[in-house]
file input-v1.pdb (PDB, C-alpha atoms)
ATOM      1  CA  MET A 159      30.101  40.120  17.394
ATOM      2  CA  SER A 160      30.605  42.875  14.930
ATOM      3  CA  GLU A 161      27.841  45.003  13.517
ATOM      4  CA  LEU A 162      28.350  43.443  10.104
ATOM      5  CA  GLU A 163      27.868  39.888  11.438
ATOM      6  CA  LYS A 164      24.813  40.968  13.416
ATOM      7  CA  ALA A 165      23.309  42.626  10.339
ATOM      8  CA  ALA A 166      24.002  39.506   8.233
ATOM      9  CA  ARG A 167      22.350  37.254  10.835
ATOM     10  CA  GLU A 168      19.291  39.511  11.020
ATOM     11  CA  ALA A 169      19.069  39.568   7.225
ATOM     12  CA  VAL A 170      19.053  35.765   7.131
ATOM     13  CA  GLU A 171      16.383  35.617   9.859
ATOM     14  CA  ALA A 172      14.286  38.166   7.977
ATOM     15  CA  GLN A 173      14.544  36.057   4.814
ATOM     16  CA  VAL A 174      13.465  32.911   6.679
ATOM     17  CA  ASN A 175      10.544  34.778   8.272
ATOM     18  CA  SER A 176       9.589  36.122   4.864
ATOM     19  CA  GLU A 177       9.534  32.599   3.423
ATOM     20  CA  HIS A 178       7.369  31.387   6.324
ATOM     21  CA  LEU A 179       4.943  34.260   5.861
ATOM     22  CA  THR A 180       4.749  33.565   2.119
ATOM     23  CA  LEU A 181       3.939  29.914   2.827
ATOM     24  CA  ILE A 182       1.283  30.829   5.395
ATOM     25  CA  ALA A 183      -0.285  33.303   2.967
ATOM     26  CA  ALA A 184      -0.387  30.640   0.243
ATOM     27  CA  VAL A 185      -2.084  28.153   2.574
ATOM     28  CA  LEU A 186      -4.689  30.719   3.629
ATOM     29  CA  GLN A 187      -5.379  31.642   0.020
ATOM     30  CA  ALA A 188      -5.792  27.956  -0.909
ATOM     31  CA  GLN A 189      -8.234  27.481   1.969
ATOM     32  CA  GLN A 190     -10.275  30.477   0.847
ATOM     33  CA  LEU A 191     -10.398  29.135  -2.713
ATOM     34  CA  MET A 192     -11.533  25.733  -1.469
ATOM     35  CA  GLN A 193     -14.339  27.339   0.522
ATOM     36  CA  GLN A 194     -15.489  29.349  -2.501
ATOM     37  CA  VAL A 195     -15.733  26.311  -4.756
ATOM     38  CA  GLN A 196     -19.272  24.979  -4.688
ATOM     39  CA  PRO A 197     -20.126  21.432  -5.685
ATOM     40  CA  GLN A 198     -21.541  21.191  -9.182
ATOM     41  CA  THR A 199     -25.013  19.735  -9.521
ATOM     42  CA  CYS A 200     -26.016  17.384 -12.266
ATOM     43  CA  GLN A 201     -28.279  18.906 -14.926
ATOM     44  CA  HIS A 202     -30.262  15.680 -15.246
ATOM     45  CA  GLY A 203     -31.372  15.406 -11.639
ATOM     46  CA  PRO A 204     -29.923  14.081  -8.415
ATOM     47  CA  VAL A 205     -27.180  11.505  -8.511
ATOM     48  CA  GLN A 206     -28.390   8.037  -7.642
ATOM     49  CA  ARG A 207     -26.109   6.325  -5.168
ATOM     50  CA  SER A 208     -26.137   2.596  -4.956
ATOM     51  CA  SER A 209     -27.469   1.295  -1.711
ATOM     52  CA  GLY A 210     -25.390  -1.213   0.198
ATOM     53  CA  SER A 211     -22.030  -0.103  -1.115
ATOM     54  CA  ALA A 212     -20.458  -1.031   2.219
ATOM     55  CA  MET A 213     -21.919  -4.515   1.945
ATOM     56  CA  LYS A 214     -20.482  -4.810  -1.535
ATOM     57  CA  TRP A 215     -16.988  -4.176  -0.185
ATOM     58  CA  VAL A 216     -17.540  -6.554   2.724
ATOM     59  CA  GLY A 217     -18.582  -9.218   0.224
ATOM     60  CA  ILE A 218     -15.522  -8.562  -1.902
ATOM     61  CA  GLY A 219     -13.312  -8.800   1.186
ATOM     62  CA  VAL A 220     -14.867 -12.065   2.334
ATOM     63  CA  GLY A 221     -14.725 -13.543  -1.169
ATOM     64  CA  GLY A 222     -11.105 -12.531  -1.580
ATOM     65  CA  SER A 223     -10.203 -13.992   1.810
ATOM     66  CA  VAL A 224     -11.870 -17.299   0.984
ATOM     67  CA  PHE A 225     -10.068 -17.413  -2.363
ATOM     68  CA  LEU A 226      -6.668 -16.722  -0.792
ATOM     69  CA  LEU A 227      -7.321 -19.308   1.932
ATOM     70  CA  THR A 228      -8.164 -21.871  -0.766
ATOM     71  CA  VAL A 229      -4.932 -21.076  -2.601
ATOM     72  CA  ALA A 230      -2.924 -21.443   0.631
ATOM     73  CA  VAL A 231      -4.483 -24.817   1.488
ATOM     74  CA  SER A 232      -3.868 -26.011  -2.075
ATOM     75  CA  ALA A 233      -0.212 -24.988  -1.829
ATOM     76  CA  VAL A 234       0.163 -26.970   1.414
ATOM     77  CA  ALA A 235      -1.466 -30.001  -0.226
ATOM     78  CA  VAL A 236       0.950 -29.795  -3.172
ATOM     79  CA  ALA A 237       3.916 -29.554  -0.804
ATOM     80  CA  ILE A 238       2.767 -32.607   1.201
ATOM     81  CA  SER A 239       2.243 -34.558  -2.033
ATOM     82  CA  ALA A 240       5.733 -33.658  -3.224
ATOM     83  CA  VAL A 241       7.296 -34.863   0.044
ATOM     84  CA  ALA A 242       5.325 -38.122  -0.043
ATOM     85  CA  LEU A 243       6.307 -38.768  -3.664
ATOM     86  CA  THR A 244       9.969 -38.114  -2.874
ATOM     87  CA  ILE A 245       9.882 -40.591   0.014
ATOM     88  CA  CYS A 246       8.232 -43.223  -2.192
ATOM     89  CA  VAL A 247      10.839 -42.760  -4.918
ATOM     90  CA  LEU A 248      13.707 -43.039  -2.420
ATOM     91  CA  VAL A 249      12.258 -46.226  -0.866
ATOM     92  CA  LEU A 250      11.669 -47.809  -4.274
ATOM     93  CA  ARG A 251      15.179 -46.834  -5.384
ATOM     94  CA  GLY A 252      16.628 -48.458  -2.273
ATOM     95  CA  MET A 253      14.590 -51.629  -2.884
ATOM     96  CA  TRP A 254      15.702 -51.715  -6.529
ATOM     97  CA  THR A 255      19.343 -51.293  -5.514
ATOM     98  CA  ASP A 256      19.013 -54.124  -2.949
ATOM     99  CA  MET A 257      17.338 -56.375  -5.556
ATOM    100  CA  ARG A 258      20.104 -55.747  -8.090
ATOM    101  CA  LYS A 259      22.746 -56.690  -5.510
ATOM    102  CA  GLY A 260      20.883 -59.956  -4.820
ATOM    103  CA  LYS A 261      19.871 -59.301  -1.235
TER     104      LYS A 261
END
call {"tool": "encode", "arguments": {"input": "input-v1.pdb", "output": "structure tokens"}}
result
Amino acid sequence: MSELEKAAREAVEAQVNSEHLTLIAAVLQAQQLMQQVQPQTCQHGPVQRSSGSAMKWVGIGVGGSVFLLTVAVSAVAVAISAVALTICVLVLRGMWTDMRKGK
């Protein structure tokens, strides 16, 4: 390998290392800024949190599940009704055809 190729390879490696160091420095600076930021307090007193917020979400989940289960059962009922109606129509059509032929 010639000296020129070796120098070019080292220059590329130095550039890559420089980019990595720049990225690491940016991450460290962002972490320091995040640590310096203090949470703002409300001027009107402490913030009231609603109690039972987890139970609220559990209730929403259960209610949504029951609703979706009801929709699914209704869809199955509609499908069964459609099949039954189709069978009835086909049987009646066959009977009508037989009656018209005089059987």
call {"tool": "atom_distance", "arguments": {"input": "input-v1.pdb", "atom1": "atom CA of Thr228 of chain A", "atom2": "atom CA of Val241 of chain A"}}
result
20.2 Å
call {"tool": "atom_distance", "arguments": {"input": "input-v1.pdb", "atom1": "atom CA of Leu179 of chain A", "atom2": "atom CA of Val195 of chain A"}}
result
24.6 Å
call {"tool": "axis_aligned_box", "arguments": {"input": "input-v1.pdb", "around": "segment 184-191 of chain A", "padding_each_side": "6 Å", "output": "AutoDock Vina command-line options"}}
result
--center_x -5.4 --center_y 29.6 --center_z 0.5 --size_x 22.0 --size_y 16.2 --size_z 18.3
call {"tool": "atom_distance", "arguments": {"input": "input-v1.pdb", "atom1": "atom CA of Ser232 of chain A", "atom2": "atom CA of Val249 of chain A"}}
result
25.9 Å
call {"tool": "closest_atom_pairs", "arguments": {"input": "input-v1.pdb", "of": "segment 220-248 of chain A", "to": "segment 210-215 of chain A", "cutoff": "12 Å", "atoms": "only C-alpha atoms", "output": "Markdown table"}}
result
| residue | atom | partner | partner_atom | distance |
| --- | --- | --- | --- | --- |
| A:Val220 | CA | A:Trp215 | CA | 8.5 |
| A:Gly221 | CA | A:Trp215 | CA | 9.7 |
| A:Gly222 | CA | A:Trp215 | CA | 10.3 |
